[in-house]
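File shown here: coords_19.cif, holding mmCIF, C-alpha atoms and all ligand atoms; chains and numbers go by the auth columns.
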data_model
#
loop_
_atom_site.group_PDB
_atom_site.id
_atom_site.type_symbol
_atom_site.label_atom_id
_atom_site.label_comp_id
_atom_site.label_asym_id
_atom_site.label_seq_id
_atom_site.Cartn_x
_atom_site.Cartn_y
_atom_site.Cartn_z
_atom_site.B_iso_or_equiv
_atom_site.auth_seq_id
_atom_site.auth_asym_id
ATOM 1 C CA MET A 1 -0.891 18.492 -5.525 0.00 30 A
ATOM 2 C CA ILE A 2 0.670 18.636 -8.976 0.00 31 A
ATOM 3 C CA VAL A 3 0.681 15.177 -10.542 0.00 32 A
ATOM 4 C CA CYS A 4 1.882 16.045 -14.032 0.00 33 A
ATOM 5 C CA SER A 5 4.453 18.798 -14.028 0.00 34 A
ATOM 6 C CA CYS A 6 4.768 18.869 -17.833 0.00 35 A
ATOM 7 C CA ASN A 7 1.101 19.848 -18.196 0.00 36 A
ATOM 8 C CA VAL A 8 0.616 21.309 -14.690 0.00 37 A
ATOM 9 C CA LEU A 9 -2.227 18.933 -13.841 0.00 38 A
ATOM 10 C CA THR A 10 -3.417 18.411 -10.314 0.00 39 A
ATOM 11 C CA LYS A 11 -4.811 15.327 -8.653 0.00 40 A
ATOM 12 C CA ARG A 12 -8.249 17.007 -8.706 0.00 41 A
ATOM 13 C CA ASN A 13 -7.974 17.721 -12.482 0.00 42 A
ATOM 14 C CA ILE A 14 -7.170 14.079 -13.143 0.00 43 A
ATOM 15 C CA LEU A 15 -9.796 12.539 -10.867 0.00 44 A
ATOM 16 C CA ASP A 16 -12.553 14.868 -12.102 0.00 45 A
ATOM 17 C CA VAL A 17 -11.909 13.839 -15.703 0.00 46 A
ATOM 18 C CA ALA A 18 -11.481 10.187 -14.777 0.00 47 A
ATOM 19 C CA GLU A 19 -14.878 10.199 -13.030 0.00 48 A
ATOM 20 C CA ARG A 20 -16.502 11.855 -16.037 0.00 49 A
ATOM 21 C CA LEU A 21 -14.965 9.288 -18.408 0.00 50 A
ATOM 22 C CA ALA A 22 -16.129 6.452 -16.157 0.00 51 A
ATOM 23 C CA MET A 23 -19.695 7.793 -16.241 0.00 52 A
ATOM 24 C CA GLU A 24 -19.622 8.236 -20.022 0.00 53 A
ATOM 25 C CA GLN A 25 -18.295 4.741 -20.711 0.00 54 A
ATOM 26 C CA PRO A 26 -18.711 2.509 -17.658 0.00 55 A
ATOM 27 C CA GLY A 27 -16.371 -0.471 -17.586 0.00 56 A
ATOM 28 C CA ARG A 28 -13.914 0.927 -20.080 0.00 57 A
ATOM 29 C CA PRO A 29 -10.520 1.218 -18.406 0.00 58 A
ATOM 30 C CA ILE A 30 -9.366 4.701 -17.589 0.00 59 A
ATOM 31 C CA THR A 31 -5.833 5.165 -18.835 0.00 60 A
ATOM 32 C CA PRO A 32 -3.537 8.154 -18.504 0.00 61 A
ATOM 33 C CA ALA A 33 -3.716 8.675 -22.283 0.00 62 A
ATOM 34 C CA ARG A 34 -7.537 8.860 -22.164 0.00 63 A
ATOM 35 C CA ILE A 35 -7.400 11.364 -19.347 0.00 64 A
ATOM 36 C CA TYR A 36 -4.888 13.571 -21.135 0.00 65 A
ATOM 37 C CA ARG A 37 -6.879 13.502 -24.364 0.00 66 A
ATOM 38 C CA ALA A 38 -10.030 14.460 -22.449 0.00 67 A
ATOM 39 C CA LEU A 39 -8.145 17.371 -20.917 0.00 68 A
ATOM 40 C CA GLY A 40 -7.068 18.508 -24.368 0.00 69 A
ATOM 41 C CA THR A 41 -3.414 17.943 -23.669 0.00 70 A
ATOM 42 C CA LYS A 42 -0.781 15.388 -24.556 0.00 71 A
ATOM 43 C CA ALA A 43 1.656 13.344 -22.546 0.00 72 A
ATOM 44 C CA GLN A 44 5.197 14.522 -22.846 0.00 73 A
ATOM 45 C CA CYS A 45 7.700 12.709 -20.624 0.00 74 A
ATOM 46 C CA THR A 46 5.103 10.173 -19.299 0.00 75 A
ATOM 47 C CA LEU A 47 6.812 10.030 -15.903 0.00 76 A
ATOM 48 C CA CYS A 48 3.468 10.812 -14.278 0.00 77 A
ATOM 49 C CA PHE A 49 1.628 7.828 -15.766 0.00 78 A
ATOM 50 C CA ALA A 50 2.393 5.477 -12.879 0.00 79 A
ATOM 51 C CA LEU A 51 1.090 8.026 -10.380 0.00 80 A
ATOM 52 C CA VAL A 52 -2.016 8.690 -12.480 0.00 81 A
ATOM 53 C CA ARG A 53 -2.771 4.949 -12.540 0.00 82 A
ATOM 54 C CA LYS A 54 -2.197 4.747 -8.793 0.00 83 A
ATOM 55 C CA LEU A 55 -4.562 7.652 -8.097 0.00 84 A
ATOM 56 C CA ILE A 56 -7.252 6.095 -10.266 0.00 85 A
ATOM 57 C CA ALA A 57 -6.868 2.702 -8.611 0.00 86 A
ATOM 58 C CA GLU A 58 -6.944 4.252 -5.140 0.00 87 A
ATOM 59 C CA SER A 59 -10.064 6.285 -5.918 0.00 88 A
ATOM 60 C CA GLY A 60 -12.002 3.046 -5.598 0.00 89 A
ATOM 61 C CA LEU A 61 -14.544 4.178 -8.145 0.00 90 A
ATOM 62 C CA LEU A 62 -12.784 3.598 -11.401 0.00 91 A
ATOM 63 C CA VAL A 63 -11.213 0.829 -13.416 0.00 92 A
ATOM 64 C CA THR A 64 -7.707 1.260 -14.687 0.00 93 A
ATOM 65 C CA CYS A 65 -5.218 -0.964 -16.426 0.00 94 A
ATOM 66 C CA PRO A 66 -2.640 -2.710 -14.274 0.00 95 A
ATOM 67 C CA GLU A 67 0.858 -1.346 -14.286 0.00 96 A
ATOM 68 C CA PRO A 68 2.747 -2.871 -17.230 0.00 97 A
ATOM 69 C CA LEU A 69 5.422 -5.302 -16.177 0.00 98 A
ATOM 70 C CA GLY A 70 8.884 -3.850 -16.213 0.00 99 A
ATOM 71 C CA SER A 71 7.698 -0.326 -16.701 0.00 100 A
ATOM 72 C CA GLY A 72 6.425 2.450 -14.569 0.00 101 A
ATOM 73 C CA SER A 73 5.704 4.891 -17.279 0.00 102 A
ATOM 74 C CA GLU A 74 4.317 3.259 -20.402 0.00 103 A
ATOM 75 C CA ASP A 75 0.703 3.169 -21.452 0.00 104 A
ATOM 76 C CA GLU A 76 -0.661 1.587 -24.581 0.00 105 A
ATOM 77 C CA TYR A 77 1.139 3.253 -27.438 0.00 106 A
ATOM 78 C CA ASP A 78 -0.982 5.953 -28.915 0.00 107 A
ATOM 79 C CA PRO A 79 0.944 8.354 -31.147 0.00 108 A
ATOM 80 C CA ALA A 80 -1.827 10.933 -30.808 0.00 109 A
ATOM 81 C CA ALA A 81 -1.172 11.126 -27.068 0.00 110 A
ATOM 82 C CA PHE A 82 2.374 12.357 -27.542 0.00 111 A
ATOM 83 C CA GLY A 83 3.355 15.832 -28.539 0.00 112 A
HETATM 84 S S1 LIG B . 5.039 14.745 -15.911 0.00 201 A
HETATM 85 FE FE1 LIG B . 3.247 14.208 -16.999 0.00 201 A
HETATM 86 S S2 LIG B . 3.872 14.112 -19.082 0.00 201 A
HETATM 87 FE FE2 LIG B . 5.646 14.730 -17.976 0.00 201 A
#
Starting from the file, give its structure as structure tokens.
Ligand code: FES
Amino acid sequence: MIVCSCNVLTKRNILDVAERLAMEQPGRPITPARIYRALGTKAQCTLCFALVRKLIAESGLLVTCPEPLGSGSEDEYDPAAFG
């Protein structure tokens, strides 16, 4: 299942990295921007961010930030995460 079509990332790509990040820094929220940085890529349209958060939350193993109010696609602003 392709989750991010801009970067051609699958659900497995995202959850594998999210699990690794959670082991490296337990308790630190896993955000889409952290995952994309760890994968060596950058968010482009950010339309996938809501789905990435949902997958992380549903994995039951990881901590993610709640969905921002009024937005389905914004993460904390990090200029380095955008191409
Ligand atoms: S679909 Fe993921 S950045 Fe565009």
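Based on only C-alpha atoms and all ligand atoms, the protein and nucleic acid residues found within 10 Å of ligand LIG 201 (chain A) are, by chain and then by number, A:Ile31, A:Val32, A:Cys33, A:Ser34, A:Cys35, A:Asn36, A:Val37, A:Leu38, A:Pro61, A:Ala62, A:Tyr65, A:Thr70, A:Lys71, A:Ala72, A:Gln73, A:Cys74, A:Thr75, A:Leu76, A:Cys77, A:Phe78, A:Ala79, A:Leu80, A:Val81, A:Ser102, A:Ala110, A:Phe111, A:Gly112.
Of note, CA of Thr60 (chain A) and CA of Glu48 (chain A) are spaced 11.9 Å apart.
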Hey, what's within 10 Å of Ser88 (chain A) if we count all atoms listed in the file and toss same-chain stuff fewer than 3 positions away? As a PDB file with C-alpha atoms, keeping the file's coordinate frame, please?
ATOM      1  CA  LEU A  44      -9.796  12.539 -10.867  1.00  0.00           C
ATOM      2  CA  ALA A  47     -11.481  10.187 -14.777  1.00  0.00           C
ATOM      3  CA  GLU A  48     -14.878  10.199 -13.030  1.00  0.00           C
ATOM      4  CA  ARG A  82      -2.771   4.949 -12.540  1.00  0.00           C
ATOM      5  CA  LYS A  83      -2.197   4.747  -8.793  1.00  0.00           C
ATOM      6  CA  LEU A  84      -4.562   7.652  -8.097  1.00  0.00           C
ATOM      7  CA  ILE A  85      -7.252   6.095 -10.266  1.00  0.00           C
ATOM      8  CA  LEU A  91     -12.784   3.598 -11.401  1.00  0.00           C
ATOM      9  CA  VAL A  92     -11.213   0.829 -13.416  1.00  0.00           C
TER      10      VAL A  92
END
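Coordinates place CA of Ala86 (chain A) at a distance of 17.2 Å from CA of Met30 (chain A).
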